[in-house]
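Report on one structure; see the data block that follows.
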Amino acid sequence: MQYRPMSADEAKNYIQAEEYCFFIDPKDFQPFIEQKMKLETVRGIFGADGDLKAGLTNWPFQVYAGGAKLGMGGVAGVVSWPEHRRGGNVGELLIRLMHEEKEKGVPLSSLYPFKQAFYRRYGWEIASAWLTHEIASEQLAPYRKAEGLVCRYAPGAADWRTLAAIYRAKFADRFGYLVRDQEDAWTNWVFWGPPTHTAVWHPREGTEPQGYMLYRFQKDDNGKQHMIVRELVALTPAAERDLWGFAAQHDSQVGTVRIRTLRDYPMWHLAENTRDVKSTLEAGWMLRFVDIATAFAERPWQGAPNASFAIGVTDEHLPWNNGTFRLTFEAGRCTLAPAPAETPVLTADQRTWVQLYAGLVRPEQAVATDRLRCTDPTALRILSQATAGQEMWFYEYF
């Protein structure tokens with residue numbers, strides 16, 4: 001088997017496989033291909049005869065991490081023709097991609113799974129979760145009185161630079177949000193798909209904007225209209241209140257407002273009657289360490305006290321992630337150095353470590369469920385302090 005990039009003709013075969021495997025109408029897929037597909041992002045496993053056995057796309061993203069930026073590949077479009085399935089081709093493709101990403105210095109890899117169990121075999125693990133809220137539009141009535149100015153833009157009319165400045169101010173010092181410093185990040189990932197309206201909030205006319213809302217309308221099977229809020233990004237409480245007030249002004253058009261948020265966003269606090277808020281917890285994207293040492297080193301750790309201890313990591317697919325390491329926190333930075341002669345005091349599979357790293361699972365929870373083995377309570381407390389705070393999270397779907 002040969003792992004390599006695709007030629008233009010081979011990419012056409014790959015696109016046909018995506019249409020076949022995901023039941024995509026070619027006429028619906030063509031705009032996506034023309035705007036987003038680049039040969040440098042696609043990889044395949046080929047047989048000796050040059051036949052494509054399996055293919056994927058790997059989007060080159062960056063994520064914010066407390067003022068730093070981490071490289072993260074976004075794996076998508078993983079396909080194999082049915083006559084080539086269950087021969088290990090997809091697994092080989094994924095692991096070979098991880099070797100390539102390691103050579104490039106990319107520490108993380110993420111994906112949205114068709115089946116979680118399948119990708120767990122190769123080291124990816126659920127590392128995000130969100131709440132999908134639904135609230136009757138009339139329940140937002142207390143927010144209709146505006147303190148500032150909301151400017152509404154039809155789909156395609158908002159200036160991406162205005163939104164990017166608000167987004168960067170909100171998320172550059174947080175953890176996990178995708179970097180959107182270039183126009184194509186907005187055209188390809190934010191505004192792609194159903195027509196998206198924009199509302200931008202200013203404290204008053206002539207002032208710099210301090211918040212925005214991206215939203216669209218959707219009719220359900222019963223013919224009822226809903227407002228789907230894709231993003232609400234506010235730099236001040238006033239901006240957030242007024243943007244919810246703007247949503248409330250649609251009560252004559254839509255029955256409910258729906259939004260996806262982090263787990264710690266209490267949507268019910270907006271409602272006059274909290275029982276009228278429906279919140280559903282859902283698992284999100286999966287994450288994997290391409291290189292655990294680089295992932296720990298490139299991320300700031302402001303909450304970690306100076307300390308050092310040995311940890312054990314199990315990774316059956318990537319040998320550089322497997323073994324005993326000395327973990328050292330010093331002045332808000334972290335290093336992981338191989339320490340094969342030491343005895344680890346905290347030991348877990350790479351998949352558990354990536355959940356701890358992303359903030360989805362707390363160290364104490366991992367110990368309680370026997371996924372993290374601990375022989376030193378002090379080391380556990382230090383790890384808990386280091387990983388406390390915001391969860392890794394982003395809006396984009398790929």
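Chain lettering (A, B, ...) mirrors the order of the structure tokens, residue numbering begins at 1 for each chain separately, and ligand numbering begins at 1 in order of display.
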
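Once Ala283 in chain A and its same-chain neighbours fewer than 4 positions away are set aside, Ile126, Ser128, Ala129 and Trp130 of chain A remain within 7 Å of it when counting only C-alpha atoms.
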
Hey, which bits of range 191-300 of chain A sit within 10 Å of range 155-172 of chain A, and for each residue what's the closest pair of atoms and how far apart in Å (one decimal), counting only C-alpha atoms, rows by chain and increasing number, as JSON lines?
```
{"residue": "A:Phe191", "atom": "CA", "partner": "A:Gly156", "partner_atom": "CA", "distance": 7.8}
{"residue": "A:Pro194", "atom": "CA", "partner": "A:Pro155", "partner_atom": "CA", "distance": 9.3}
{"residue": "A:Pro195", "atom": "CA", "partner": "A:Pro155", "partner_atom": "CA", "distance": 5.6}
{"residue": "A:Thr196", "atom": "CA", "partner": "A:Pro155", "partner_atom": "CA", "distance": 5.1}
{"residue": "A:His197", "atom": "CA", "partner": "A:Pro155", "partner_atom": "CA", "distance": 4.8}
{"residue": "A:Thr198", "atom": "CA", "partner": "A:Ala158", "partner_atom": "CA", "distance": 6.6}
{"residue": "A:Ala199", "atom": "CA", "partner": "A:Ala158", "partner_atom": "CA", "distance": 8.6}
{"residue": "A:Val200", "atom": "CA", "partner": "A:Leu163", "partner_atom": "CA", "distance": 8.2}
{"residue": "A:Glu208", "atom": "CA", "partner": "A:Thr162", "partner_atom": "CA", "distance": 9.2}
{"residue": "A:Pro209", "atom": "CA", "partner": "A:Ile166", "partner_atom": "CA", "distance": 7.5}
{"residue": "A:Gln210", "atom": "CA", "partner": "A:Ile166", "partner_atom": "CA", "distance": 6.3}
{"residue": "A:Gly211", "atom": "CA", "partner": "A:Ile166", "partner_atom": "CA", "distance": 6.3}
{"residue": "A:Tyr212", "atom": "CA", "partner": "A:Leu163", "partner_atom": "CA", "distance": 7.0}
{"residue": "A:Met213", "atom": "CA", "partner": "A:Leu163", "partner_atom": "CA", "distance": 9.4}
{"residue": "A:Leu214", "atom": "CA", "partner": "A:Pro155", "partner_atom": "CA", "distance": 9.6}
{"residue": "A:Tyr215", "atom": "CA", "partner": "A:Pro155", "partner_atom": "CA", "distance": 9.6}
{"residue": "A:Arg216", "atom": "CA", "partner": "A:Pro155", "partner_atom": "CA", "distance": 9.1}
{"residue": "A:Leu232", "atom": "CA", "partner": "A:Tyr167", "partner_atom": "CA", "distance": 9.9}
{"residue": "A:Val233", "atom": "CA", "partner": "A:Tyr167", "partner_atom": "CA", "distance": 6.8}
{"residue": "A:Ala234", "atom": "CA", "partner": "A:Lys170", "partner_atom": "CA", "distance": 7.4}
{"residue": "A:Leu235", "atom": "CA", "partner": "A:Lys170", "partner_atom": "CA", "distance": 6.2}
{"residue": "A:Thr236", "atom": "CA", "partner": "A:Lys170", "partner_atom": "CA", "distance": 9.7}
```

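Between CA of Val42 in chain A and CA of Thr187 in chain A the interatomic distance comes to 20.1 Å.
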
Run DSSP on the backbone and give me the residues of range 208-337 of chain A it puts in alpha helix (DSSP H), as JSON, numbers by chain.
{"A": [237, 238, 239, 240, 241, 242, 243, 244, 245, 246, 247, 248, 292, 293, 294, 295, 296, 297, 298]}

Would you export the selected residues with N, CA and C atoms as a CSV table (one decimal), in the first residue's frame, please?
```
chain,number,residue,atom,x,y,z
A,237,PRO,N,-21.7,42.6,28.9
A,237,PRO,CA,-23.1,42.1,29.2
A,237,PRO,C,-24.2,42.9,28.5
A,238,ALA,N,-24.0,44.1,28.2
A,238,ALA,CA,-25.0,44.9,27.5
A,238,ALA,C,-25.1,44.4,26.1
A,239,ALA,N,-24.0,44.1,25.5
A,239,ALA,CA,-24.1,43.5,24.1
A,239,ALA,C,-24.9,42.2,24.1
A,240,GLU,N,-24.6,41.4,25.1
A,240,GLU,CA,-25.3,40.1,25.1
A,240,GLU,C,-26.8,40.3,25.3
A,241,ARG,N,-27.1,41.1,26.3
A,241,ARG,CA,-28.6,41.4,26.5
A,241,ARG,C,-29.3,41.9,25.3
A,242,ASP,N,-28.7,42.9,24.6
A,242,ASP,CA,-29.4,43.5,23.5
A,242,ASP,C,-29.4,42.5,22.3
A,243,LEU,N,-28.5,41.7,22.1
A,243,LEU,CA,-28.6,40.7,21.0
A,243,LEU,C,-29.6,39.7,21.3
A,244,TRP,N,-29.8,39.3,22.6
A,244,TRP,CA,-31.0,38.4,22.9
A,244,TRP,C,-32.2,39.2,22.7
A,245,GLY,N,-32.2,40.5,23.0
A,245,GLY,CA,-33.4,41.3,22.8
A,245,GLY,C,-33.7,41.4,21.3
A,246,PHE,N,-32.7,41.5,20.5
A,246,PHE,CA,-33.0,41.5,19.0
A,246,PHE,C,-33.6,40.2,18.6
A,247,ALA,N,-33.2,39.0,19.2
A,247,ALA,CA,-33.8,37.8,18.9
A,247,ALA,C,-35.3,37.8,19.3
A,248,ALA,N,-35.5,38.4,20.5
A,248,ALA,CA,-36.9,38.4,21.0
A,248,ALA,C,-37.8,39.2,20.1
A,292,ILE,N,1.9,14.4,21.9
A,292,ILE,CA,1.5,14.8,23.2
A,292,ILE,C,2.5,15.8,23.8
A,293,ALA,N,3.8,15.6,23.6
A,293,ALA,CA,4.8,16.5,24.1
A,293,ALA,C,4.7,17.9,23.6
A,294,THR,N,4.5,18.0,22.2
A,294,THR,CA,4.4,19.3,21.6
A,294,THR,C,3.1,19.9,22.0
A,295,ALA,N,2.0,19.2,22.2
A,295,ALA,CA,0.7,19.7,22.6
A,295,ALA,C,0.8,20.3,24.0
A,296,PHE,N,1.5,19.7,24.9
A,296,PHE,CA,1.7,20.2,26.2
A,296,PHE,C,2.6,21.4,26.2
A,297,ALA,N,3.7,21.4,25.4
A,297,ALA,CA,4.7,22.5,25.4
A,297,ALA,C,4.2,23.7,24.8
A,298,GLU,N,3.3,23.7,23.8
A,298,GLU,CA,2.9,24.9,23.0
A,298,GLU,C,1.7,25.6,23.7
```

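Coordinates place CA of Phe61 in chain A at a distance of 6.6 Å from CA of Gly74 in chain A.
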
List as a PyMOL selection string the protein and nucleic acid residues near range 99-104 of chain A, meaning an atom at most 9 Å away when only C-alpha atoms are counted, but skip any in the same chain fewer than 3 places from it.
chain A and resi 73+94-96+107-109+290-291+318

Could you write out that same residue set with C-alpha atoms as an mmCIF file, in the first residue's frame?
```
data_model
loop_
_atom_site.group_PDB
_atom_site.id
_atom_site.type_symbol
_atom_site.label_atom_id
_atom_site.label_comp_id
_atom_site.auth_asym_id
_atom_site.auth_seq_id
_atom_site.Cartn_x
_atom_site.Cartn_y
_atom_site.Cartn_z
ATOM 1 C CA GLY A 73 -5.662 19.098 11.598
ATOM 2 C CA LEU A 94 -5.351 7.608 9.448
ATOM 3 C CA ILE A 95 -2.135 6.469 11.119
ATOM 4 C CA ARG A 96 0.000 7.433 8.131
ATOM 5 C CA PRO A 107 0.278 18.537 17.740
ATOM 6 C CA LEU A 108 -3.494 17.872 17.508
ATOM 7 C CA SER A 109 -5.997 16.185 15.215
ATOM 8 C CA VAL A 290 -0.527 13.770 17.170
ATOM 9 C CA ASP A 291 2.367 14.600 19.491
ATOM 10 C CA LEU A 318 2.031 6.312 17.737
#
```

At most 12 Å is the cut-off: for each residue in range 217-275 of chain A with any atom that close to an atom of range 357-371 of chain A, write down the nearest atom pair and the distance in Å rounded to one decimal, counting only C-alpha atoms, chain first then increasing number, as a tab-separated table.
```
residue	atom	partner	partner_atom	distance
A:Leu262	CA	A:Leu360	CA	10.7
A:Arg263	CA	A:Leu360	CA	9.7
A:Asp264	CA	A:Leu360	CA	11.6
```

Export of prior selection with C-alpha atoms as a PDB file, in the first residue's frame:
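Ended up saving to again.pdb:
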```pdb
ATOM      1  CA  LEU A 262     -20.859  25.421  26.067  1.00  0.00           C
ATOM      2  CA  ARG A 263     -22.083  23.208  28.899  1.00  0.00           C
ATOM      3  CA  ASP A 264     -21.757  25.984  31.477  1.00  0.00           C
TER       4      ASP A 264
END
```

I need the residue nearest Phe394 in chain A from this list: A:Tyr153, A:Trp285, A:Phe46, A:Tyr20. Use only C-alpha atoms for the distance.
A:Trp285

With only C-alpha atoms as the basis for distance, which of A:Arg381, A:His250, A:Lys53, A:His202 is at the shortest distance from Cys151 in chain A?
A:His202
